[in-house]
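K.L.:
Starting off with a structure, shown below.
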Amino acid sequence: MNSNTFRMPAAALLATGAVALLTAPAAFATTGGGGAAGEGKAGAVVLRAGLDVGLLNKAVHVPLQATLNEVGAPAAAEKTALTVTVDGAEQGNPVSVLRADVATARATADARRAQAESNLAKASVHVPGLPQLSLIQVEKVTSTAVCEAGHQPVATSNVLGAVTVLGKKVTLSAGGPTEVEVAGVGLVDLELSGTRTTSTTAAAAALRLKVSVNPLKLNVAQVEGEIVLAEAHCEAPAGPAPSASAPPPADVKTQTVSGSTTPVRADLAETGSGSATPYVAGGALLLLGVGAGALIVTRRGRAS
């Protein structure tokens, strides 16, 4: 859903019970599709939000779930804004969840290769109740996943430039989540550049934010959940199936016998047997008979 306005009624929660937040690892949450049978699969998304918004005057919780530029191969999306309206929050005004100079997602797949990538530049993310304070601001984040038949899949993520969380510039660590707490506002945990690969799949998410803020403004008491920025995943195409062709025919040689050419199987010719054997044997018997006859005639001549 790209650059659309979403309306999340409070009654939805009352009908279904507690809000289910994103429980699957962010890097694998995208449901991008693939092409024809045998082709690889790839998908990407610029932003994914799964939040629970608690309202003051109604004492209820409203789910806020939205995505920006979610694609499945082959596809591309380049919208740069996502606006959500949450019933009962911010006096009914739309909440600008994301605003960016660049927000792109692309995915391609065929029988040899599947690839997905997502990019964000000059981006800021907001949540209900904090219209003037960005949850996070980033200079540039990217994720790429490449799955090629017969090769080890590759997943990469990058966070480039400054990152500001709840108005504070932070230094992210690859060793684990970075925690940012602002008094009177709340707590945000950031996980940097998560990647995962198997023998046939790859997935990456540039940033994952676990959010717990209590702005107590514009009828919003608390916002909890998860936001993922720039994720991509792929699945390699199936390798070529072994051919079911018939075994090669036996090698056939030719042998000339008494002026005629007769095919002889190689495995039999090497042992001296084959279709020419009766002719050879018959010739030998004939010569033997002629010799015996000559011997008898000679002996009779001497006797006379």
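Residues in the structure tokens are named by chain (A, B, ... in the order shown) and by number from 1 within that chain; ligands are numbered from 1 in the order shown.
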Using DSSP on the backbone, list every residue of region 6-234 of chain A that comes out as alpha helix (DSSP H), and give them as a PDB file with all heavy atoms, in the first residue's frame.
P.N.:
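Resulting contents of selection_0.pdb:
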```pdb
ATOM      1  N   ALA A  11     -12.911  -0.120  17.244  1.00  0.00           N
ATOM      2  CA  ALA A  11     -13.773  -1.294  17.392  1.00  0.00           C
ATOM      3  C   ALA A  11     -13.101  -2.569  16.925  1.00  0.00           C
ATOM      4  O   ALA A  11     -13.464  -3.667  17.346  1.00  0.00           O
ATOM      5  CB  ALA A  11     -15.059  -1.091  16.608  1.00  0.00           C
ATOM      6  N   ALA A  12     -12.102  -2.447  16.049  1.00  0.00           N
ATOM      7  CA  ALA A  12     -11.421  -3.644  15.545  1.00  0.00           C
ATOM      8  C   ALA A  12     -10.755  -4.404  16.660  1.00  0.00           C
ATOM      9  O   ALA A  12     -10.743  -5.636  16.677  1.00  0.00           O
ATOM     10  CB  ALA A  12     -10.398  -3.253  14.481  1.00  0.00           C
ATOM     11  N   LEU A  13     -10.166  -3.684  17.615  1.00  0.00           N
ATOM     12  CA  LEU A  13      -9.496  -4.348  18.731  1.00  0.00           C
ATOM     13  C   LEU A  13     -10.511  -5.012  19.651  1.00  0.00           C
ATOM     14  O   LEU A  13     -10.305  -6.122  20.129  1.00  0.00           O
ATOM     15  CB  LEU A  13      -8.662  -3.349  19.523  1.00  0.00           C
ATOM     16  CG  LEU A  13      -7.932  -3.985  20.706  1.00  0.00           C
ATOM     17  CD1 LEU A  13      -6.802  -4.859  20.206  1.00  0.00           C
ATOM     18  CD2 LEU A  13      -7.416  -2.954  21.656  1.00  0.00           C
ATOM     19  N   LEU A  14     -11.625  -4.341  19.920  1.00  0.00           N
ATOM     20  CA  LEU A  14     -12.622  -4.893  20.818  1.00  0.00           C
ATOM     21  C   LEU A  14     -13.201  -6.181  20.269  1.00  0.00           C
ATOM     22  O   LEU A  14     -13.598  -7.066  21.017  1.00  0.00           O
ATOM     23  CB  LEU A  14     -13.750  -3.868  21.029  1.00  0.00           C
ATOM     24  CG  LEU A  14     -13.315  -2.533  21.639  1.00  0.00           C
ATOM     25  CD1 LEU A  14     -14.509  -1.608  21.772  1.00  0.00           C
ATOM     26  CD2 LEU A  14     -12.653  -2.745  22.993  1.00  0.00           C
ATOM     27  N   ALA A  15     -13.238  -6.302  18.948  1.00  0.00           N
ATOM     28  CA  ALA A  15     -13.808  -7.498  18.331  1.00  0.00           C
ATOM     29  C   ALA A  15     -12.826  -8.654  18.301  1.00  0.00           C
ATOM     30  O   ALA A  15     -13.227  -9.812  18.301  1.00  0.00           O
ATOM     31  CB  ALA A  15     -14.279  -7.191  16.917  1.00  0.00           C
ATOM     32  N   THR A  16     -11.537  -8.349  18.285  1.00  0.00           N
ATOM     33  CA  THR A  16     -10.548  -9.416  18.085  1.00  0.00           C
ATOM     34  C   THR A  16      -9.673  -9.663  19.306  1.00  0.00           C
ATOM     35  O   THR A  16      -8.893 -10.594  19.313  1.00  0.00           O
ATOM     36  CB  THR A  16      -9.622  -9.055  16.916  1.00  0.00           C
ATOM     37  OG1 THR A  16      -8.976  -7.807  17.192  1.00  0.00           O
ATOM     38  CG2 THR A  16     -10.418  -8.913  15.633  1.00  0.00           C
TER      39      THR A  16
END
```
K.L.:
Within 8 Å of region 152-165 of chain A, counting only C-alpha atoms, which residues show up once you throw out same-chain ones fewer than 4 positions away? Write them as a count of residues only, please.
P.N.:
38
K.L.:
I'd like a table as CSV: residues in region 108-198 of chain A with an atom no more than 7 Å from region 42-56 of chain A, each row giving the shortest atom pair and its distance in Å to one decimal, only C-alpha atoms counted, sorted by chain and rising residue number.
P.N.:
```
residue,atom,partner,partner_atom,distance
A:Thr108,CA,A:Ala42,CA,6.4
A:Ala109,CA,A:Ala42,CA,6.4
A:Ala114,CA,A:Ala42,CA,5.7
A:Gln115,CA,A:Ala42,CA,5.8
A:Ala116,CA,A:Ala42,CA,5.6
A:Glu117,CA,A:Ala44,CA,6.1
A:Ser118,CA,A:Val46,CA,5.7
A:Asn119,CA,A:Val46,CA,6.6
A:Leu120,CA,A:Val46,CA,6.9
```
K.L.:
Quick one: residues within 7 Å of Ala111 (chain A), only C-alpha atoms counted, chain neighbours fewer than 2 positions away excluded, as a PyMOL selection string?
P.N.:
chain A and resi 38-40+113+237
K.L.:
Within 10 Å of Glu90 (chain A), counting only C-alpha atoms, which residues qualify if same-chain residues fewer than 4 places away don't, as an mmCIF file with all heavy atoms, in the first residue's frame?
P.N.:
```
data_model
loop_
_atom_site.group_PDB
_atom_site.id
_atom_site.type_symbol
_atom_site.label_atom_id
_atom_site.label_comp_id
_atom_site.auth_asym_id
_atom_site.auth_seq_id
_atom_site.Cartn_x
_atom_site.Cartn_y
_atom_site.Cartn_z
ATOM 1 N N LEU A 55 -5.289 4.785 23.646
ATOM 2 C CA LEU A 55 -5.961 6.079 23.684
ATOM 3 C C LEU A 55 -6.381 6.421 25.120
ATOM 4 O O LEU A 55 -6.773 5.547 25.900
ATOM 5 C CB LEU A 55 -7.189 6.066 22.774
ATOM 6 C CG LEU A 55 -6.927 5.717 21.313
ATOM 7 C CD1 LEU A 55 -8.224 5.734 20.518
ATOM 8 C CD2 LEU A 55 -5.921 6.678 20.692
ATOM 9 N N THR A 85 -4.357 7.347 9.381
ATOM 10 C CA THR A 85 -5.308 7.987 10.278
ATOM 11 C C THR A 85 -5.768 6.967 11.309
ATOM 12 O O THR A 85 -6.238 5.887 10.944
ATOM 13 C CB THR A 85 -6.523 8.523 9.498
ATOM 14 O OG1 THR A 85 -6.073 9.507 8.576
ATOM 15 C CG2 THR A 85 -7.534 9.146 10.443
ATOM 16 N N VAL A 86 -5.603 7.290 12.579
ATOM 17 C CA VAL A 86 -6.003 6.413 13.674
ATOM 18 C C VAL A 86 -7.207 7.046 14.356
ATOM 19 O O VAL A 86 -7.111 8.156 14.888
ATOM 20 C CB VAL A 86 -4.853 6.213 14.684
ATOM 21 C CG1 VAL A 86 -5.287 5.264 15.792
ATOM 22 C CG2 VAL A 86 -3.618 5.669 13.979
ATOM 23 N N PRO A 94 -4.649 13.047 10.064
ATOM 24 C CA PRO A 94 -3.734 12.009 9.589
ATOM 25 C C PRO A 94 -2.372 12.104 10.272
ATOM 26 O O PRO A 94 -1.890 13.196 10.582
ATOM 27 C CB PRO A 94 -3.608 12.292 8.091
ATOM 28 C CG PRO A 94 -4.814 13.097 7.746
ATOM 29 C CD PRO A 94 -5.117 13.911 8.970
ATOM 30 N N VAL A 95 -1.782 10.952 10.492
ATOM 31 C CA VAL A 95 -0.442 10.865 11.069
ATOM 32 C C VAL A 95 0.527 10.534 9.938
ATOM 33 O O VAL A 95 0.374 9.511 9.257
ATOM 34 C CB VAL A 95 -0.359 9.780 12.149
ATOM 35 C CG1 VAL A 95 1.058 9.687 12.713
ATOM 36 C CG2 VAL A 95 -1.374 10.044 13.247
ATOM 37 N N PRO A 128 1.795 8.228 16.343
ATOM 38 C CA PRO A 128 0.726 9.055 16.899
ATOM 39 C C PRO A 128 1.083 9.611 18.277
ATOM 40 O O PRO A 128 1.719 8.941 19.090
ATOM 41 C CB PRO A 128 -0.453 8.080 17.001
ATOM 42 C CG PRO A 128 -0.171 7.056 15.957
ATOM 43 C CD PRO A 128 1.312 6.895 15.937
ATOM 44 N N GLY A 129 0.689 10.870 18.516
ATOM 45 C CA GLY A 129 0.946 11.516 19.803
ATOM 46 C C GLY A 129 2.199 12.352 19.845
ATOM 47 O O GLY A 129 2.407 13.132 20.768
ATOM 48 N N LEU A 130 3.082 12.163 18.846
ATOM 49 C CA LEU A 130 4.333 12.937 18.785
ATOM 50 C C LEU A 130 4.463 13.571 17.402
ATOM 51 O O LEU A 130 5.360 13.221 16.631
ATOM 52 C CB LEU A 130 5.542 12.032 19.062
ATOM 53 C CG LEU A 130 5.667 11.444 20.466
ATOM 54 C CD1 LEU A 130 6.824 10.461 20.527
ATOM 55 C CD2 LEU A 130 5.875 12.555 21.495
ATOM 56 N N PRO A 131 3.593 14.492 17.051
ATOM 57 C CA PRO A 131 3.619 15.039 15.694
ATOM 58 C C PRO A 131 4.840 15.894 15.390
ATOM 59 O O PRO A 131 5.258 15.988 14.235
ATOM 60 C CB PRO A 131 2.343 15.885 15.631
ATOM 61 C CG PRO A 131 2.082 16.268 17.050
ATOM 62 C CD PRO A 131 2.524 15.098 17.870
ATOM 63 N N LYS A 217 -0.027 12.964 24.754
ATOM 64 C CA LYS A 217 -0.442 14.139 23.982
ATOM 65 C C LYS A 217 -1.458 13.730 22.934
ATOM 66 O O LYS A 217 -1.452 12.591 22.450
ATOM 67 C CB LYS A 217 0.760 14.794 23.282
ATOM 68 C CG LYS A 217 1.803 15.362 24.241
ATOM 69 C CD LYS A 217 2.965 15.944 23.446
ATOM 70 C CE LYS A 217 4.033 16.496 24.385
ATOM 71 N NZ LYS A 217 5.180 17.069 23.633
ATOM 72 N N LEU A 218 -2.311 14.640 22.566
ATOM 73 C CA LEU A 218 -3.280 14.433 21.484
ATOM 74 C C LEU A 218 -4.044 13.132 21.668
ATOM 75 O O LEU A 218 -4.262 12.371 20.736
ATOM 76 C CB LEU A 218 -2.588 14.480 20.122
ATOM 77 C CG LEU A 218 -1.915 15.819 19.785
ATOM 78 C CD1 LEU A 218 -1.143 15.711 18.496
ATOM 79 C CD2 LEU A 218 -2.953 16.921 19.681
ATOM 80 N N ASN A 219 -4.435 12.882 22.924
ATOM 81 C CA ASN A 219 -5.254 11.728 23.297
ATOM 82 C C ASN A 219 -4.540 10.391 23.127
ATOM 83 O O ASN A 219 -5.165 9.345 22.988
ATOM 84 C CB ASN A 219 -6.569 11.700 22.502
ATOM 85 C CG ASN A 219 -7.612 10.788 23.137
ATOM 86 O OD1 ASN A 219 -7.699 10.702 24.361
ATOM 87 N ND2 ASN A 219 -8.376 10.095 22.308
ATOM 88 N N VAL A 220 -3.216 10.396 23.083
ATOM 89 C CA VAL A 220 -2.437 9.154 22.968
ATOM 90 C C VAL A 220 -1.690 8.929 24.277
ATOM 91 O O VAL A 220 -0.889 9.768 24.696
ATOM 92 C CB VAL A 220 -1.446 9.211 21.796
ATOM 93 C CG1 VAL A 220 -0.604 7.947 21.761
ATOM 94 C CG2 VAL A 220 -2.204 9.372 20.485
#
```
K.L.:
Go ahead and compute the interatomic distance for CA of His151 (chain A) and CA of Ala75 (chain A), in Å to one decimal.
P.N.:
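Computing the Euclidean distance for CA of His151 (chain A) and CA of Ala75 (chain A) yields 23.4 Å.
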K.L.:
Just give me the gap between CA of Glu226 (chain A) and CA of Ala100 (chain A) in Å, one decimal is fine.
P.N.:
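Computed distance, CA of Glu226 (chain A) to CA of Ala100 (chain A), equals 19.1 Å.
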K.L.:
Where in region 84-258 of chain A does DSSP assign strand (DSSP E or B), given as a PyMOL selection string?
P.N.:
chain A and resi 84-86+95-109+113-125+136-148+154-165+168-170+178-182+186-197+201-213+217+220-235+252-257
K.L.:
My list of candidates is A:Gln91, A:Thr67, A:Gln132, A:Thr178. Which is closest to Pro215 (chain A) when distances are computed with only C-alpha atoms?
P.N.:
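Of the candidates, the smallest distance to Pro215 (chain A) is held by A:Gln132.
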